[in-house]
>>> print(open('run02.txt').read())   # compact mmCIF, C-alpha atoms and all ligand atoms
# COMPACT_ATOMS: atom_id res chain seq x y z
CA MET E 634 30.76 -25.76 -4.13
CA ASP E 635 27.00 -25.99 -3.56
CA HIS E 636 25.63 -25.81 -7.12
CA ALA E 637 21.98 -25.92 -5.99
CA ALA E 638 22.42 -22.95 -3.64
CA ASP E 639 24.40 -21.14 -6.31
CA ALA E 640 21.66 -21.71 -8.90
CA HIS E 641 19.16 -20.26 -6.40
CA ARG E 642 21.36 -17.21 -5.81
CA THR E 643 21.71 -16.51 -9.53
CA ASP E 644 18.07 -17.11 -10.52
CA LEU E 645 16.71 -13.82 -9.25
CA MET E 646 12.95 -13.52 -8.94
CA THR E 647 12.40 -9.78 -9.18
CA ILE E 648 9.06 -8.30 -8.24
CA THR E 649 8.34 -7.48 -11.91
CA ARG E 650 9.11 -11.07 -12.94
CA TYR E 651 6.86 -12.33 -10.15
CA VAL E 652 3.93 -10.13 -11.22
CA LEU E 653 4.44 -10.99 -14.89
CA ASN E 654 4.36 -14.70 -13.96
CA GLU E 655 1.12 -14.13 -12.06
CA GLN E 656 -0.30 -12.19 -15.00
CA SER E 657 0.44 -15.04 -17.41
CA LYS E 658 -2.06 -17.18 -15.45
CA TYR E 659 -4.82 -14.90 -16.78
CA PRO E 660 -4.74 -14.92 -20.61
CA GLU E 661 -7.25 -12.04 -20.76
CA SER E 662 -4.93 -9.81 -18.69
CA ARG E 663 -3.71 -6.66 -20.46
CA GLY E 664 -0.72 -6.05 -18.21
CA ASP E 665 -2.28 -2.98 -16.57
CA PHE E 666 -1.73 -4.28 -13.05
CA THR E 667 1.96 -4.97 -13.79
CA ILE E 668 2.38 -1.40 -15.04
CA LEU E 669 0.57 0.01 -11.98
CA LEU E 670 2.71 -2.04 -9.63
CA ASN E 671 5.89 -0.90 -11.39
CA HIS E 672 4.92 2.70 -10.65
CA ILE E 673 4.23 1.88 -6.99
CA VAL E 674 7.63 0.15 -6.83
CA LEU E 675 9.26 3.25 -8.31
CA GLY E 676 7.66 5.38 -5.58
CA CYS E 677 8.94 2.97 -2.92
CA LYS E 678 12.49 3.02 -4.34
CA PHE E 679 12.45 6.81 -4.42
CA LEU E 680 11.26 6.98 -0.82
CA CYS E 681 13.77 4.40 0.34
CA SER E 682 16.55 6.54 -1.05
CA ALA E 683 15.01 9.75 0.38
CA VAL E 684 14.55 8.20 3.84
CA ASN E 685 18.15 6.97 3.84
CA LYS E 686 19.45 10.42 2.94
CA ALA E 687 16.95 12.37 5.07
CA GLY E 688 19.47 13.61 7.61
CA LEU E 689 22.10 14.40 5.02
CA ALA E 690 19.75 16.18 2.66
CA LYS E 691 18.26 18.23 5.50
CA LEU E 692 14.87 16.78 4.67
CA ILE E 693 14.12 16.33 8.34
CA GLY E 694 12.08 19.07 9.93
CA LEU E 695 8.68 20.64 9.66
CA ALA E 696 7.36 21.74 6.31
CA GLY E 697 5.15 24.30 8.06
CA GLU E 698 1.89 22.70 7.00
CA THR E 699 -0.80 20.71 8.81
CA ASN E 700 -2.47 17.69 7.20
CA VAL E 701 -6.15 16.64 7.31
CA GLN E 702 -5.73 14.81 10.63
CA GLY E 703 -4.41 18.04 12.18
CA GLU E 704 -0.92 16.56 12.49
CA GLU E 705 2.23 18.46 11.69
CA GLN E 706 3.58 17.40 8.33
CA LYS E 707 7.24 16.65 7.97
CA LYS E 708 9.09 17.46 4.78
CA LEU E 709 9.35 13.78 3.98
CA ASP E 710 5.54 13.40 4.25
CA VAL E 711 5.05 16.17 1.71
CA LEU E 712 7.67 14.73 -0.59
CA SER E 713 6.39 11.18 -0.36
CA ASN E 714 2.82 12.21 -1.10
CA GLU E 715 3.92 14.14 -4.20
CA VAL E 716 6.08 11.28 -5.40
CA PHE E 717 3.29 8.71 -5.08
CA ILE E 718 0.55 10.88 -6.59
CA LYS E 719 2.78 11.66 -9.60
CA ALA E 720 3.92 8.05 -10.00
CA LEU E 721 0.33 6.75 -9.82
CA VAL E 722 -1.17 9.34 -12.17
CA SER E 723 1.63 8.92 -14.72
CA SER E 724 1.06 5.15 -14.78
CA GLY E 725 -2.09 5.89 -16.79
CA ARG E 726 -3.74 3.02 -14.93
CA THR E 727 -5.39 4.82 -12.01
CA CYS E 728 -8.71 6.54 -11.64
CA ILE E 729 -9.18 7.58 -8.01
CA LEU E 730 -6.43 8.10 -5.44
CA VAL E 731 -6.96 8.44 -1.70
CA SER E 732 -3.93 9.55 0.30
CA GLU E 733 -3.64 10.02 4.05
CA GLU E 734 -2.14 13.42 3.35
CA ASP E 735 -4.97 14.80 1.18
CA GLU E 736 -8.36 15.78 2.55
CA GLU E 737 -10.14 15.02 -0.72
CA ALA E 738 -9.76 12.07 -3.06
CA THR E 739 -7.92 12.79 -6.33
CA PHE E 740 -9.91 12.00 -9.46
CA VAL E 741 -7.42 11.44 -12.26
CA GLU E 742 -8.13 13.53 -15.38
CA PRO E 743 -9.92 11.51 -18.11
CA SER E 744 -6.97 11.45 -20.56
CA LYS E 745 -4.76 9.69 -17.95
CA ARG E 746 -7.41 7.46 -16.44
CA GLY E 747 -7.20 3.70 -15.92
CA ARG E 748 -9.25 1.09 -14.06
CA TYR E 749 -7.60 1.05 -10.64
CA CYS E 750 -8.27 2.98 -7.42
CA VAL E 751 -5.33 3.22 -5.04
CA VAL E 752 -5.68 4.06 -1.34
CA PHE E 753 -2.39 4.75 0.42
CA ASP E 754 -0.49 6.21 3.30
CA PRO E 755 2.69 7.45 1.63
CA LEU E 756 4.74 7.63 4.83
CA ASP E 757 3.23 5.92 7.84
CA GLY E 758 4.88 6.35 11.22
CA SER E 759 6.30 9.74 10.34
CA SER E 760 6.68 10.81 13.98
CA ASN E 761 9.51 8.24 13.98
CA ILE E 762 11.47 9.85 11.16
CA ASP E 763 13.72 12.04 13.29
CA CYS E 764 14.97 9.13 15.43
CA GLY E 765 15.67 6.74 12.57
CA VAL E 766 13.00 4.15 13.43
CA SER E 767 11.51 2.08 10.59
CA ILE E 768 8.69 3.76 8.70
CA GLY E 769 6.79 2.69 5.61
CA THR E 770 4.29 3.12 2.80
CA ILE E 771 0.97 1.21 2.93
CA PHE E 772 -1.29 0.70 -0.09
CA GLY E 773 -4.46 -1.05 -1.20
CA ILE E 774 -5.84 -1.44 -4.72
CA TYR E 775 -9.47 -1.63 -5.87
CA MET E 776 -10.95 -1.92 -9.34
CA VAL E 777 -13.26 0.95 -10.39
CA LYS E 778 -16.76 -0.06 -11.50
CA ASP E 779 -16.94 2.33 -14.47
CA SER E 780 -13.72 4.18 -15.38
CA HIS E 781 -15.72 6.76 -17.36
CA GLU E 782 -17.75 7.69 -14.32
CA PRO E 783 -15.71 7.02 -11.19
CA THR E 784 -17.37 7.96 -7.90
CA LEU E 785 -16.29 7.98 -4.27
CA ASP E 786 -18.26 4.76 -3.79
CA ASP E 787 -15.52 3.00 -5.74
CA VAL E 788 -13.19 3.49 -2.78
CA LEU E 789 -15.83 3.22 -0.05
CA GLN E 790 -15.96 -0.54 -0.49
CA PRO E 791 -15.28 -3.21 2.13
CA GLY E 792 -11.69 -4.31 2.36
CA LYS E 793 -12.57 -7.81 1.13
CA HIS E 794 -13.09 -6.25 -2.31
CA MET E 795 -9.45 -5.17 -2.55
CA LEU E 796 -7.57 -6.79 -5.41
CA ALA E 797 -4.18 -6.33 -3.82
CA ALA E 798 -2.52 -4.75 -0.82
CA GLY E 799 0.97 -4.26 0.49
CA TYR E 800 3.48 -2.19 2.32
CA CYS E 801 7.07 -1.15 1.91
CA MET E 802 9.17 -0.83 5.05
CA TYR E 803 12.11 1.54 5.11
CA GLY E 804 14.18 -0.08 7.83
CA SER E 805 17.53 -1.79 8.17
CA SER E 806 16.65 -3.11 4.73
CA CYS E 807 13.91 -1.99 2.37
CA THR E 808 11.24 -4.70 2.22
CA LEU E 809 8.12 -4.74 0.10
CA VAL E 810 5.39 -7.15 1.19
CA LEU E 811 2.64 -7.80 -1.34
CA SER E 812 -0.49 -9.87 -1.74
CA THR E 813 -2.52 -10.05 -4.92
CA GLY E 814 -4.96 -12.41 -3.21
CA GLU E 815 -2.79 -15.50 -3.64
CA GLY E 816 -0.69 -15.55 -0.49
CA VAL E 817 1.79 -13.02 0.82
CA HIS E 818 5.26 -12.53 -0.61
CA GLY E 819 8.15 -10.40 0.63
CA PHE E 820 10.74 -8.75 -1.63
CA THR E 821 13.92 -7.08 -0.42
CA LEU E 822 15.54 -4.23 -2.30
CA ASP E 823 19.05 -5.07 -3.50
CA PRO E 824 20.51 -1.55 -3.55
CA SER E 825 23.30 -2.53 -5.94
CA LEU E 826 20.79 -3.84 -8.51
CA GLY E 827 18.00 -1.39 -7.71
CA GLU E 828 15.61 -4.36 -7.83
CA PHE E 829 13.24 -5.91 -5.30
CA ILE E 830 14.14 -9.62 -5.09
CA LEU E 831 11.79 -12.30 -3.72
CA THR E 832 13.31 -13.19 -0.35
CA HIS E 833 10.23 -14.24 1.66
CA PRO E 834 7.99 -16.40 -0.57
CA ASP E 835 4.56 -17.42 0.73
CA ILE E 836 4.75 -15.89 4.21
CA LYS E 837 2.56 -17.71 6.74
CA ILE E 838 2.01 -16.18 10.16
CA PRO E 839 2.50 -18.65 13.08
CA LYS E 840 -0.89 -19.91 14.31
CA LYS E 841 -0.15 -18.58 17.79
CA GLY E 842 2.49 -16.08 18.86
CA LYS E 843 4.47 -15.05 21.91
CA ILE E 844 4.32 -11.28 21.41
CA TYR E 845 1.62 -8.65 21.96
CA SER E 846 1.99 -5.14 20.58
CA VAL E 847 -0.03 -2.21 21.87
CA ASN E 848 0.42 1.34 23.17
CA GLU E 849 0.03 0.54 26.90
CA GLY E 850 0.10 4.25 27.72
CA ASN E 851 -3.58 4.28 26.75
CA ALA E 852 -4.49 1.48 29.20
CA LYS E 853 -6.51 3.66 31.59
CA ASN E 854 -8.95 4.42 28.77
CA TRP E 855 -9.34 0.87 27.37
CA ASP E 856 -12.61 -1.02 27.32
CA GLY E 857 -13.13 -4.28 29.30
CA PRO E 858 -12.17 -6.87 26.63
CA THR E 859 -8.92 -5.10 25.66
CA ALA E 860 -7.92 -4.65 29.30
CA LYS E 861 -8.73 -8.32 30.06
CA TYR E 862 -6.81 -9.53 27.00
CA VAL E 863 -3.64 -7.60 27.89
CA GLU E 864 -3.90 -8.79 31.50
CA LYS E 865 -4.06 -12.37 30.16
CA CYS E 866 -0.95 -11.75 28.03
CA LYS E 867 0.95 -10.70 31.15
CA PHE E 868 -0.56 -13.03 33.76
CA PRO E 869 -1.88 -16.13 31.95
CA LYS E 870 -4.01 -18.31 34.22
CA ASP E 871 -3.67 -21.49 32.13
CA GLY E 872 -0.05 -22.14 33.09
CA SER E 873 1.33 -20.87 29.76
CA SER E 874 4.20 -18.36 29.60
CA SER E 875 3.55 -14.63 29.57
CA LYS E 876 3.80 -12.95 26.20
CA SER E 877 6.52 -10.39 25.47
CA LEU E 878 5.58 -6.80 24.71
CA ARG E 879 7.02 -5.15 21.59
CA TYR E 880 5.72 -1.79 20.37
CA ILE E 881 7.47 0.42 17.86
CA GLY E 882 4.64 2.88 17.20
CA SER E 883 5.10 2.55 13.46
CA MET E 884 2.37 0.30 12.08
CA VAL E 885 4.39 -1.07 9.17
CA ALA E 886 7.20 -2.16 11.48
CA ASP E 887 4.86 -3.58 14.15
CA VAL E 888 2.80 -5.48 11.56
CA HIS E 889 5.91 -6.74 9.75
CA ARG E 890 7.26 -8.26 12.96
CA THR E 891 3.82 -9.73 13.77
CA LEU E 892 3.61 -11.31 10.31
CA LEU E 893 7.05 -12.91 10.57
CA TYR E 894 7.18 -13.88 14.25
CA GLY E 895 3.48 -14.22 15.09
CA GLY E 896 1.50 -12.64 17.91
CA ILE E 897 -1.01 -9.83 17.95
CA PHE E 898 -1.04 -6.11 17.15
CA LEU E 899 -3.78 -4.06 18.82
CA TYR E 900 -4.92 -0.50 18.29
CA PRO E 901 -8.19 -0.61 20.25
CA ALA E 902 -10.91 1.94 20.78
CA ASP E 903 -10.59 3.84 24.02
CA LYS E 904 -12.56 6.46 25.92
CA LYS E 905 -10.66 9.27 24.21
CA SER E 906 -10.83 7.75 20.70
CA PRO E 907 -14.01 5.64 20.44
CA ASN E 908 -13.11 4.70 16.85
CA GLY E 909 -9.46 3.98 17.58
CA LYS E 910 -6.72 5.85 15.77
CA LEU E 911 -5.89 3.92 12.63
CA ARG E 912 -7.48 4.73 9.30
CA VAL E 913 -9.69 2.14 7.65
CA LEU E 914 -8.84 2.58 3.99
CA TYR E 915 -5.07 2.82 4.02
CA GLU E 916 -4.01 1.24 7.32
CA VAL E 917 -6.64 -1.21 8.61
CA PHE E 918 -7.75 -2.73 5.28
CA PRO E 919 -4.38 -3.37 3.60
CA MET E 920 -2.87 -4.84 6.79
CA SER E 921 -5.99 -6.97 7.43
CA PHE E 922 -5.89 -8.24 3.83
CA LEU E 923 -2.25 -9.28 4.28
CA MET E 924 -2.95 -10.94 7.64
CA GLU E 925 -5.79 -13.03 6.27
CA GLN E 926 -3.76 -13.99 3.21
CA ALA E 927 -0.96 -15.13 5.55
CA GLY E 928 -3.38 -17.30 7.58
CA GLY E 929 -4.05 -14.85 10.41
CA GLN E 930 -7.13 -12.82 11.31
CA ALA E 931 -8.13 -9.17 11.66
CA PHE E 932 -11.02 -8.05 13.88
CA THR E 933 -12.43 -4.61 14.74
CA GLY E 934 -13.93 -5.50 18.12
CA LYS E 935 -17.29 -5.99 16.41
CA GLN E 936 -16.67 -7.78 13.12
CA ARG E 937 -14.15 -9.18 10.63
CA ALA E 938 -12.18 -6.07 9.64
CA LEU E 939 -12.43 -6.74 5.88
CA ASP E 940 -16.26 -6.76 6.09
CA LEU E 941 -16.39 -3.17 7.34
CA VAL E 942 -18.03 -0.77 4.88
CA PRO E 943 -16.44 2.67 5.22
CA THR E 944 -18.61 5.75 4.81
CA LYS E 945 -15.81 8.34 4.75
CA ILE E 946 -12.39 8.14 3.12
CA HIS E 947 -10.50 9.05 6.30
CA GLU E 948 -12.64 6.91 8.64
CA ARG E 949 -10.94 5.22 11.62
CA SER E 950 -11.51 1.86 13.24
CA PRO E 951 -10.17 -0.14 16.18
CA ILE E 952 -8.11 -3.11 14.99
CA PHE E 953 -6.80 -6.38 16.43
CA LEU E 954 -4.75 -8.39 13.97
CA GLY E 955 -2.24 -11.19 13.92
CA SER E 956 -1.97 -14.92 14.60
CA TYR E 957 -5.22 -16.85 14.18
CA ASP E 958 -5.42 -18.20 17.74
CA ASP E 959 -4.45 -14.92 19.39
CA VAL E 960 -7.16 -12.99 17.53
CA GLU E 961 -9.60 -15.78 18.35
CA GLU E 962 -9.01 -15.05 22.07
CA ILE E 963 -9.84 -11.37 21.80
CA LYS E 964 -12.91 -12.21 19.69
CA ALA E 965 -14.11 -14.50 22.50
CA LEU E 966 -13.66 -11.71 25.07
CA TYR E 967 -15.72 -9.27 22.96
CA ALA E 968 -18.39 -11.94 22.40
CA ALA E 969 -18.61 -12.54 26.20
CA GLU E 970 -18.87 -8.77 26.80
CA GLY E 971 -21.66 -8.55 24.18
CA LYS E 972 -23.66 -11.26 26.01
CA LYS E 973 -23.45 -9.30 29.29
CA GLU E 974 -24.97 -6.15 27.70
P1 LIG E 1001 2.45 8.80 12.94
O1 LIG E 1001 2.45 8.72 11.43
O2 LIG E 1001 1.87 10.08 13.47
O3 LIG E 1001 3.81 8.50 13.50
O4 LIG E 1001 1.41 7.67 13.44
C1 LIG E 1001 1.74 6.36 13.21
C2 LIG E 1001 0.50 5.52 13.32
O5 LIG E 1001 -0.50 5.98 12.44
C3 LIG E 1001 0.78 4.03 13.08
O6 LIG E 1001 1.82 3.82 12.18
C4 LIG E 1001 1.08 3.52 14.46
O7 LIG E 1001 0.76 2.16 14.61
C5 LIG E 1001 0.24 4.37 15.35
O8 LIG E 1001 0.00 5.59 14.64
C6 LIG E 1001 0.92 4.70 16.65
O9 LIG E 1001 0.06 5.46 17.43
P2 LIG E 1001 0.43 5.84 18.96
O10 LIG E 1001 1.58 6.80 18.87
O11 LIG E 1001 -0.83 6.47 19.48
O12 LIG E 1001 0.78 4.58 19.67
>>> encode(input="run02.txt", output="C-alpha cells", more="lines below")
Ligand code: AFP
Amino acid sequence: MDHAADAHRTDLMTITRYVLNEQSKYPESRGDFTILLNHIVLGCKFLCSAVNKAGLAKLIGLAGETNVQGEEQKKLDVLSNEVFIKALVSSGRTCILVSEEDEEATFVEPSKRGRYCVVFDPLDGSSNIDCGVSIGTIFGIYMVKDSHEPTLDDVLQPGKHMLAAGYCMYGSSCTLVLSTGEGVHGFTLDPSLGEFILTHPDIKIPKKGKIYSVNEGNAKNWDGPTAKYVEKCKFPKDGSSSKSLRYIGSMVADVHRTLLYGGIFLYPADKKSPNGKLRVLYEVFPMSFLMEQAGGQAFTGKQRALDLVPTKIHERSPIFLGSYDDVEEIKALYAAEGKKE
C-alpha cells in the first residue's frame, strides 16, 4: 500500500480551506473575502447542478426575453443571473455588481453593503447549452474605494486592479479556477462531498503551445496582423510544425484548454466588429488576469489587456491570450503593422 499517496488522498484541500489558509497570511484580514468566495462557490454549485439537469428539468429553451446585447436569453441564463445576484447580495460583502445579463450595474442597498465589487458573466457560452458543450461562469473582484459612496468608477478600473478572478467550467467535471493574485489554482467539484477540492495547484501555462483557437469563419474580415498570425500557425516558414486548431466557441472551455495545454486564444477585431466581441469587464479582464498569473500574456492588439481602462460596463475589446511566446509573436506583428502606418 502506498501510504504517501493515501495520505495525499485523505488530506483534502477544499477551496474554503485554501482561502482560509491564504487569509491567515494577512493578520489584519476580517474574513470578508472568504465569505464572499463561499457565496460565489455556492452559485457555481447551484449552476453545476442546474446545467447537469437542464434537459431533464426542461430548463432548456427560450425564456422569451432579450438581454442587453440583443441576444436571446435562455432559461438557464435567467436562472443563473438570479442565483448569482442573490448569492452575492446575501453575502453582505458586495457593493456593486455588474452582470452580463443586466444593462445597469446593481448597487447593493446600504444595509447589505460590503467592500467588494463583482463583475461577472453568470453563464458564458450559452449558445452551447442545447448541445451539451461545456459552458461556464466568469468573475472578477475589485475593492470599492468608499463603501458608503460607491460609484460606477469603482468598476471602470483597469483589470490590473482586480484583487481576484476566476471561472467555473460546467463540463465533464465541474472545475473552478481561481487566482487571488498569487498564482492560479484549480479545484474540482467532488459531487459526493459537494466540495471543490484542489486538484490543479499552481497552474503554469506552457511557455509556447501547439494549438491556436479562433473562429476562422470571420477570416475574411480580419486585419493584417491576425491574418498573418493564423497563416503562420498553419504554414510556418521556420521549419517548425503547424499548430493544431481547436475552437469550442465557449470562452471558458477554450481558455481552460489553453491554460492547461498552452497555445493561444484569439478573438480579434474585424471589419464587422471593430472592438471584437468579448466584453472587457467580465470576459477579457478575468481571463487576462488568470493568464498573467499562470505565466502567460494577454494583449488587445494595442496594449497589455490588463492596462485597458474601460469607459462603459459592457465595453468590448479584441483579445489575444495564452502562452508567453505565442502572444509575443502576435505582438510583434501588430508592432510591425504600426510602424508601416
Ligand atoms: P454565447 O454566450 O452567445 O454562446 O457567446 C459565447 C462567447 O461570448 C464566448 O464564450 C466565446 O468565446 C465567443 O462568444 C464565441 O463567439 P463566436 O460564436 O463569434 O465564435
>>> atom_distance(input="run02.txt", atom1="CA of Gly769 in chain E", atom2="CA of Asp754 in chain E")
8.4 Å
>>> atom_distance(input="run02.txt", atom1="CA of Phe679 in chain E", atom2="CA of Tyr803 in chain E")
10.9 Å
>>> atom_distance(input="run02.txt", atom1="CA of Gln656 in chain E", atom2="CA of Ala797 in chain E")
13.2 Å
>>> residues_around(input="run02.txt", residues="range 903-918 of chain E", least_positions_apart="3", cutoff="9 Å", atoms="only C-alpha atoms", output="ChimeraX atom specification")
/E:731-733,752-754,757,771-773,788-793,795,798,851-856,884-885,900,921-923,931,938-939,941,943,946-952
>>> closest_residue(input="run02.txt", among="E:Lys861, E:Lys870, E:Lys840, E:Lys935", to="Gly896 in chain E", atoms="only C-alpha atoms")
E:Lys840
>>> residues_near_ligand(input="run02.txt", ligand="ligand LIG 1001 (chain E)", cutoff="6 Å", atoms="all atoms listed in the file", output="VMD selection string")
chain E and resid 757 to 761 848 882 to 884 911
>>> closest_residue(input="run02.txt", among="E:Ile729, E:Leu709, E:Val766, E:Ile668", to="Leu653 in chain E", atoms="all atoms listed in the file")
E:Ile668
>>> residues_around(input="run02.txt", residues="Tyr845 in chain E", least_positions_apart="3", cutoff="7 Å", atoms="only C-alpha atoms", output="PyMOL selection string")
chain E and resi 876-879+896-898
>>> closest_residue(input="run02.txt", among="E:Lys843, E:Val751, E:Gly816, E:Val716", to="Pro869 in chain E", atoms="all atoms listed in the file")
E:Lys843
>>> closest_residue(input="run02.txt", among="E:Pro743, E:Gly765, E:Gly799, E:Pro839", to="Leu670 in chain E", atoms="all atoms listed in the file")
E:Gly799
>>> closest_residue(input="run02.txt", among="E:Gly955, E:Gly857, E:Gly842, E:Pro783", to="Ala902 in chain E", atoms="only C-alpha atoms")
E:Gly857
>>> closest_residue(input="run02.txt", among="E:Met646, E:Leu785, E:Ile774, E:Cys807", to="Cys677 in chain E", atoms="only C-alpha atoms")
E:Cys807
>>> build_atoms(input="run02.txt", residues="range 946-955 of chain E", atoms="all heavy atoms", output="tab-separated table (two decimals), keeping the file's coordinate frame")
chain	number	residue	atom	x	y	z
E	946	ILE	N	-13.71	8.64	3.57
E	946	ILE	CA	-12.39	8.14	3.12
E	946	ILE	C	-11.34	8.15	4.24
E	946	ILE	O	-10.40	7.39	4.17
E	946	ILE	CB	-11.87	8.88	1.85
E	946	ILE	CG1	-11.71	10.38	2.08
E	946	ILE	CG2	-12.73	8.57	0.65
E	946	ILE	CD1	-11.03	11.10	0.91
E	947	HIS	N	-11.51	9.03	5.23
E	947	HIS	CA	-10.50	9.05	6.30
E	947	HIS	C	-11.04	8.44	7.60
E	947	HIS	O	-10.57	8.75	8.70
E	947	HIS	CB	-10.01	10.48	6.56
E	947	HIS	CG	-9.27	11.06	5.38
E	947	HIS	ND1	-8.09	10.55	4.91
E	947	HIS	CD2	-9.59	12.09	4.55
E	947	HIS	CE1	-7.69	11.25	3.85
E	947	HIS	NE2	-8.58	12.18	3.61
E	948	GLU	N	-12.04	7.57	7.46
E	948	GLU	CA	-12.64	6.91	8.64
E	948	GLU	C	-11.59	6.11	9.44
E	948	GLU	O	-10.62	5.61	8.87
E	948	GLU	CB	-13.72	5.96	8.11
E	948	GLU	CG	-14.63	5.41	9.16
E	948	GLU	CD	-15.88	4.79	8.50
E	948	GLU	OE1	-16.49	5.44	7.64
E	948	GLU	OE2	-16.20	3.64	8.85
E	949	ARG	N	-11.84	6.00	10.75
E	949	ARG	CA	-10.94	5.22	11.62
E	949	ARG	C	-11.67	4.01	12.16
E	949	ARG	O	-12.90	4.00	12.22
E	949	ARG	CB	-10.50	6.08	12.82
E	949	ARG	CG	-9.71	7.31	12.44
E	949	ARG	CD	-9.55	8.22	13.65
E	949	ARG	NE	-9.10	9.54	13.25
E	949	ARG	CZ	-7.84	9.96	13.33
E	949	ARG	NH1	-6.91	9.17	13.81
E	949	ARG	NH2	-7.51	11.16	12.96
E	950	SER	N	-10.90	3.03	12.60
E	950	SER	CA	-11.51	1.86	13.24
E	950	SER	C	-10.52	1.24	14.23
E	950	SER	O	-9.32	1.24	13.98
E	950	SER	CB	-11.85	0.81	12.18
E	950	SER	OG	-12.18	-0.42	12.81
E	951	PRO	N	-11.06	0.67	15.33
E	951	PRO	CA	-10.17	-0.14	16.18
E	951	PRO	C	-9.71	-1.35	15.38
E	951	PRO	O	-10.42	-1.78	14.46
E	951	PRO	CB	-11.10	-0.59	17.31
E	951	PRO	CG	-12.35	0.20	17.18
E	951	PRO	CD	-12.44	0.69	15.79
E	952	ILE	N	-8.57	-1.91	15.73
E	952	ILE	CA	-8.11	-3.11	14.99
E	952	ILE	C	-7.29	-4.03	15.89
E	952	ILE	O	-6.51	-3.57	16.73
E	952	ILE	CB	-7.30	-2.71	13.72
E	952	ILE	CG1	-6.94	-3.94	12.89
E	952	ILE	CG2	-6.05	-1.89	14.06
E	952	ILE	CD1	-8.08	-4.59	12.19
E	953	PHE	N	-7.55	-5.33	15.74
E	953	PHE	CA	-6.80	-6.38	16.43
E	953	PHE	C	-6.40	-7.35	15.33
E	953	PHE	O	-7.27	-7.96	14.71
E	953	PHE	CB	-7.70	-7.12	17.43
E	953	PHE	CG	-8.37	-6.19	18.42
E	953	PHE	CD1	-9.58	-5.58	18.12
E	953	PHE	CD2	-7.78	-5.92	19.64
E	953	PHE	CE1	-10.19	-4.73	19.02
E	953	PHE	CE2	-8.39	-5.06	20.55
E	953	PHE	CZ	-9.59	-4.46	20.24
E	954	LEU	N	-5.13	-7.48	15.06
E	954	LEU	CA	-4.75	-8.39	13.97
E	954	LEU	C	-3.50	-9.18	14.30
E	954	LEU	O	-2.67	-8.76	15.10
E	954	LEU	CB	-4.60	-7.65	12.63
E	954	LEU	CG	-3.73	-6.40	12.50
E	954	LEU	CD1	-2.27	-6.75	12.39
E	954	LEU	CD2	-4.16	-5.63	11.25
E	955	GLY	N	-3.42	-10.37	13.69
E	955	GLY	CA	-2.24	-11.19	13.92
E	955	GLY	C	-2.54	-12.67	13.82
E	955	GLY	O	-3.42	-13.09	13.04
